[in-house]
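**Student:** What follows is model_20.cif, made up of mmCIF, C-alpha atoms:
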data_input
#
loop_
_atom_site.group_PDB
_atom_site.id
_atom_site.type_symbol
_atom_site.label_atom_id
_atom_site.label_comp_id
_atom_site.auth_asym_id
_atom_site.auth_seq_id
_atom_site.Cartn_x
_atom_site.Cartn_y
_atom_site.Cartn_z
ATOM 1 C CA MET E 1 45.277 60.330 80.874
ATOM 2 C CA ASP E 2 44.112 62.594 78.046
ATOM 3 C CA ILE E 3 41.098 61.518 75.980
ATOM 4 C CA LYS E 4 39.938 63.527 72.965
ATOM 5 C CA LEU E 5 37.309 63.087 70.291
ATOM 6 C CA SER E 6 38.849 62.139 66.949
ATOM 7 C CA GLN E 7 35.897 61.043 64.787
ATOM 8 C CA CYS E 8 32.137 61.003 64.788
ATOM 9 C CA PHE E 9 29.829 59.529 62.177
ATOM 10 C CA ILE E 10 26.920 60.904 60.176
ATOM 11 C CA ALA E 11 24.847 58.660 57.937
ATOM 12 C CA VAL E 12 24.291 59.962 54.418
ATOM 13 C CA ASP E 13 22.472 58.497 51.447
ATOM 14 C CA ASP E 14 24.260 60.523 48.764
ATOM 15 C CA HIS E 15 27.893 61.470 49.300
ATOM 16 C CA ASP E 16 27.937 64.051 46.524
ATOM 17 C CA LYS E 17 24.961 65.924 48.018
ATOM 18 C CA ALA E 18 26.513 65.598 51.466
ATOM 19 C CA LEU E 19 29.816 67.012 50.201
ATOM 20 C CA ALA E 20 28.059 69.942 48.565
ATOM 21 C CA PHE E 21 26.500 70.733 51.937
ATOM 22 C CA TYR E 22 29.305 70.003 54.412
ATOM 23 C CA ARG E 23 32.120 71.347 52.234
ATOM 24 C CA ASP E 24 30.507 74.091 50.170
ATOM 25 C CA VAL E 25 27.847 75.402 52.590
ATOM 26 C CA LEU E 26 29.401 74.726 56.006
ATOM 27 C CA GLY E 27 32.992 75.301 54.855
ATOM 28 C CA LEU E 28 34.429 72.047 56.200
ATOM 29 C CA GLU E 29 37.530 70.607 54.555
ATOM 30 C CA VAL E 30 37.574 67.157 52.922
ATOM 31 C CA HIS E 31 40.227 64.987 54.565
ATOM 32 C CA ASN E 32 39.558 61.644 52.854
ATOM 33 C CA ASP E 33 37.298 60.141 50.222
ATOM 34 C CA VAL E 34 37.597 56.340 50.316
ATOM 35 C CA ALA E 35 35.790 53.484 48.569
ATOM 36 C CA PHE E 36 35.758 50.094 50.317
ATOM 37 C CA GLU E 37 33.745 46.945 49.613
ATOM 38 C CA GLY E 38 31.201 48.783 47.495
ATOM 39 C CA MET E 39 30.747 51.572 50.046
ATOM 40 C CA ARG E 40 32.155 55.078 50.329
ATOM 41 C CA TRP E 41 33.334 57.050 53.348
ATOM 42 C CA VAL E 42 34.190 60.710 53.214
ATOM 43 C CA THR E 43 35.783 62.506 56.150
ATOM 44 C CA VAL E 44 35.409 66.242 56.634
ATOM 45 C CA GLY E 45 36.553 68.568 59.376
ATOM 46 C CA SER E 46 36.789 72.142 60.495
ATOM 47 C CA PRO E 47 40.051 73.958 59.724
ATOM 48 C CA SER E 48 39.979 75.177 63.343
ATOM 49 C CA GLN E 49 39.862 71.581 64.690
ATOM 50 C CA PRO E 50 42.273 69.615 62.500
ATOM 51 C CA GLY E 51 42.269 66.582 64.807
ATOM 52 C CA VAL E 52 38.500 66.010 64.652
ATOM 53 C CA GLU E 53 36.820 64.412 61.649
ATOM 54 C CA ILE E 54 33.216 63.769 60.709
ATOM 55 C CA VAL E 55 32.842 60.547 58.756
ATOM 56 C CA LEU E 56 30.066 60.703 56.167
ATOM 57 C CA GLU E 57 29.131 57.068 55.695
ATOM 58 C CA PRO E 58 26.239 54.924 54.441
ATOM 59 C CA PRO E 59 23.368 54.479 56.930
ATOM 60 C CA LEU E 60 24.512 50.942 57.719
ATOM 61 C CA ALA E 61 28.210 50.672 56.954
ATOM 62 C CA HIS E 62 28.666 47.009 57.718
ATOM 63 C CA PRO E 63 29.555 44.629 54.874
ATOM 64 C CA ASN E 64 27.699 41.710 56.523
ATOM 65 C CA ALA E 65 24.448 43.586 57.207
ATOM 66 C CA SER E 66 21.353 41.929 55.828
ATOM 67 C CA PRO E 67 19.317 43.607 53.086
ATOM 68 C CA ALA E 68 16.443 43.964 55.591
ATOM 69 C CA ASP E 69 18.699 45.761 58.078
ATOM 70 C CA LYS E 70 20.004 48.068 55.334
ATOM 71 C CA ARG E 71 16.419 48.913 54.293
ATOM 72 C CA ALA E 72 15.473 49.607 57.925
ATOM 73 C CA MET E 73 18.393 52.011 58.361
ATOM 74 C CA ASP E 74 17.607 53.720 55.030
ATOM 75 C CA GLU E 75 14.026 54.227 56.241
ATOM 76 C CA LEU E 76 15.151 55.666 59.582
ATOM 77 C CA LEU E 77 17.516 58.055 57.806
ATOM 78 C CA ALA E 78 14.761 59.157 55.403
ATOM 79 C CA LYS E 79 12.544 59.976 58.407
ATOM 80 C CA GLY E 80 15.305 61.998 60.075
ATOM 81 C CA LEU E 81 15.393 59.651 63.069
ATOM 82 C CA LEU E 82 19.138 59.050 63.264
ATOM 83 C CA ARG E 83 21.351 61.122 65.563
ATOM 84 C CA GLY E 84 22.687 64.474 64.459
ATOM 85 C CA VAL E 85 25.559 66.716 65.409
ATOM 86 C CA ILE E 86 25.840 69.962 67.353
ATOM 87 C CA PHE E 87 28.357 72.441 65.978
ATOM 88 C CA SER E 88 29.794 75.298 68.005
ATOM 89 C CA THR E 89 30.074 78.735 66.412
ATOM 90 C CA ASP E 90 31.034 82.214 67.530
ATOM 91 C CA ASP E 91 28.169 83.763 65.502
ATOM 92 C CA VAL E 92 25.020 81.664 65.270
ATOM 93 C CA ASP E 93 23.099 84.376 63.417
ATOM 94 C CA ALA E 94 25.732 84.546 60.660
ATOM 95 C CA ALA E 95 25.776 80.737 60.452
ATOM 96 C CA PHE E 96 21.993 80.717 60.149
ATOM 97 C CA GLU E 97 22.065 83.334 57.405
ATOM 98 C CA ARG E 98 24.755 81.484 55.434
ATOM 99 C CA ILE E 99 23.068 78.066 55.661
ATOM 100 C CA SER E 100 19.510 79.274 55.067
ATOM 101 C CA THR E 101 20.603 81.421 52.110
ATOM 102 C CA ALA E 102 22.281 78.340 50.607
ATOM 103 C CA GLY E 103 18.955 76.500 50.810
ATOM 104 C CA GLY E 104 19.418 74.573 54.071
ATOM 105 C CA GLU E 105 16.198 73.118 55.445
ATOM 106 C CA VAL E 106 15.465 75.233 58.525
ATOM 107 C CA LEU E 107 14.157 73.410 61.596
ATOM 108 C CA GLN E 108 14.625 76.260 64.065
ATOM 109 C CA GLU E 109 15.600 79.875 63.600
ATOM 110 C CA PRO E 110 18.158 81.334 66.021
ATOM 111 C CA MET E 111 16.820 81.610 69.549
ATOM 112 C CA ASP E 112 18.152 81.987 73.071
ATOM 113 C CA GLN E 113 17.819 78.762 75.041
ATOM 114 C CA PRO E 114 17.373 78.607 78.832
ATOM 115 C CA TYR E 115 20.502 76.417 79.128
ATOM 116 C CA GLY E 116 22.871 79.201 78.089
ATOM 117 C CA VAL E 117 23.230 79.032 74.324
ATOM 118 C CA ARG E 118 21.762 80.737 71.305
ATOM 119 C CA ASP E 119 21.175 78.112 68.644
ATOM 120 C CA CYS E 120 19.452 77.175 65.412
ATOM 121 C CA ALA E 121 18.818 73.894 63.627
ATOM 122 C CA PHE E 122 18.778 72.527 60.092
ATOM 123 C CA ARG E 123 18.459 69.219 58.296
ATOM 124 C CA ASP E 124 21.305 68.132 56.055
ATOM 125 C CA PRO E 125 20.478 66.696 52.597
ATOM 126 C CA ALA E 126 20.092 63.184 54.107
ATOM 127 C CA GLY E 127 17.678 64.376 56.820
ATOM 128 C CA ASN E 128 20.063 64.481 59.798
ATOM 129 C CA MET E 129 19.438 67.241 62.319
ATOM 130 C CA LEU E 130 22.336 69.646 62.757
ATOM 131 C CA ARG E 131 22.326 72.265 65.472
ATOM 132 C CA PHE E 132 24.579 75.322 65.568
ATOM 133 C CA ALA E 133 25.145 76.771 69.031
ATOM 134 C CA GLN E 134 26.811 79.879 70.396
ATOM 135 C CA ARG E 135 27.500 80.180 74.119
ATOM 136 C CA ARG E 136 26.037 83.336 75.649
#
Can you present the structure in this file as structure tokens?
**Tutor:**
Amino acid sequence: MDIKLSQCFIAVDDHDKALAFYRDVLGLEVHNDVAFEGMRWVTVGSPSQPGVEIVLEPPLAHPNASPADKRAMDELLAKGLLRGVIFSTDDVDAAFERISTAGGEVLQEPMDQPYGVRDCAFRDPAGNMLRFAQRR
């Protein structure tokens, strides 16, 4: 049996800002941009991994969620407390330079980690932590 990742989800509060970051800064391709029941989902992916998509969706993408639950998720996103994503790269220093030059919010400059990677970290426009790792 073969199991592969096909999609993962990142909560965003502004799809246009998210697109400017994920598409224009990170270089991901837009696969879909869909409106549904007053919400919007955008899928992006790396040209080198065409079968894997990142879904940029509202913090609580459930049409039956209560207003209180939506507010709670918005607050968690604003604090940067939702899960992030770790990207793999063959040149973490070049990735750092590209993202920081484009105005990415730096959380950690490139450094060698004791678990065998060199990595750096940023926040996306919604506050999600994104790490970029290169195996040593």
**Student:** Figure out the distance between atom CA of E:Asp93 and atom CA of E:Glu57, please, to one decimal in Å.
**Tutor:** 29.0 Å
**Student:** So the first atom is atom CA of E:Pro114 and the second is atom CA of E:Gly84; what is the distance between them in Å, to one decimal place?
**Tutor:**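 About the pair atom CA of E:Pro114 and atom CA of E:Gly84: they are 20.8 Å apart.
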**Student:** Would you please work out which residue, of E:Leu28, E:Ile3, E:Pro67, E:Pro125, is nearest to E:Asp16 when using all atoms listed in the file?
**Tutor:**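 Once distances to E:Asp16 are computed over all atoms listed in the file, the minimum belongs to E:Pro125.
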**Student:** Return the single residue from E:Asp74, E:Asp33, E:Glu53, E:Asp119 that is closest to E:Ile86, with distances computed using all atoms listed in the file.
**Tutor:**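 Closest to E:Ile86 of all the choices is E:Asp119.
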**Student:** Using all atoms listed in the file, find the one residue out of E:Leu26, E:Val12, E:Val52, E:Ala78 that sits nearest to E:Phe132.
**Tutor:**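 Using all atoms listed in the file, E:Phe132 sits closest to E:Leu26.
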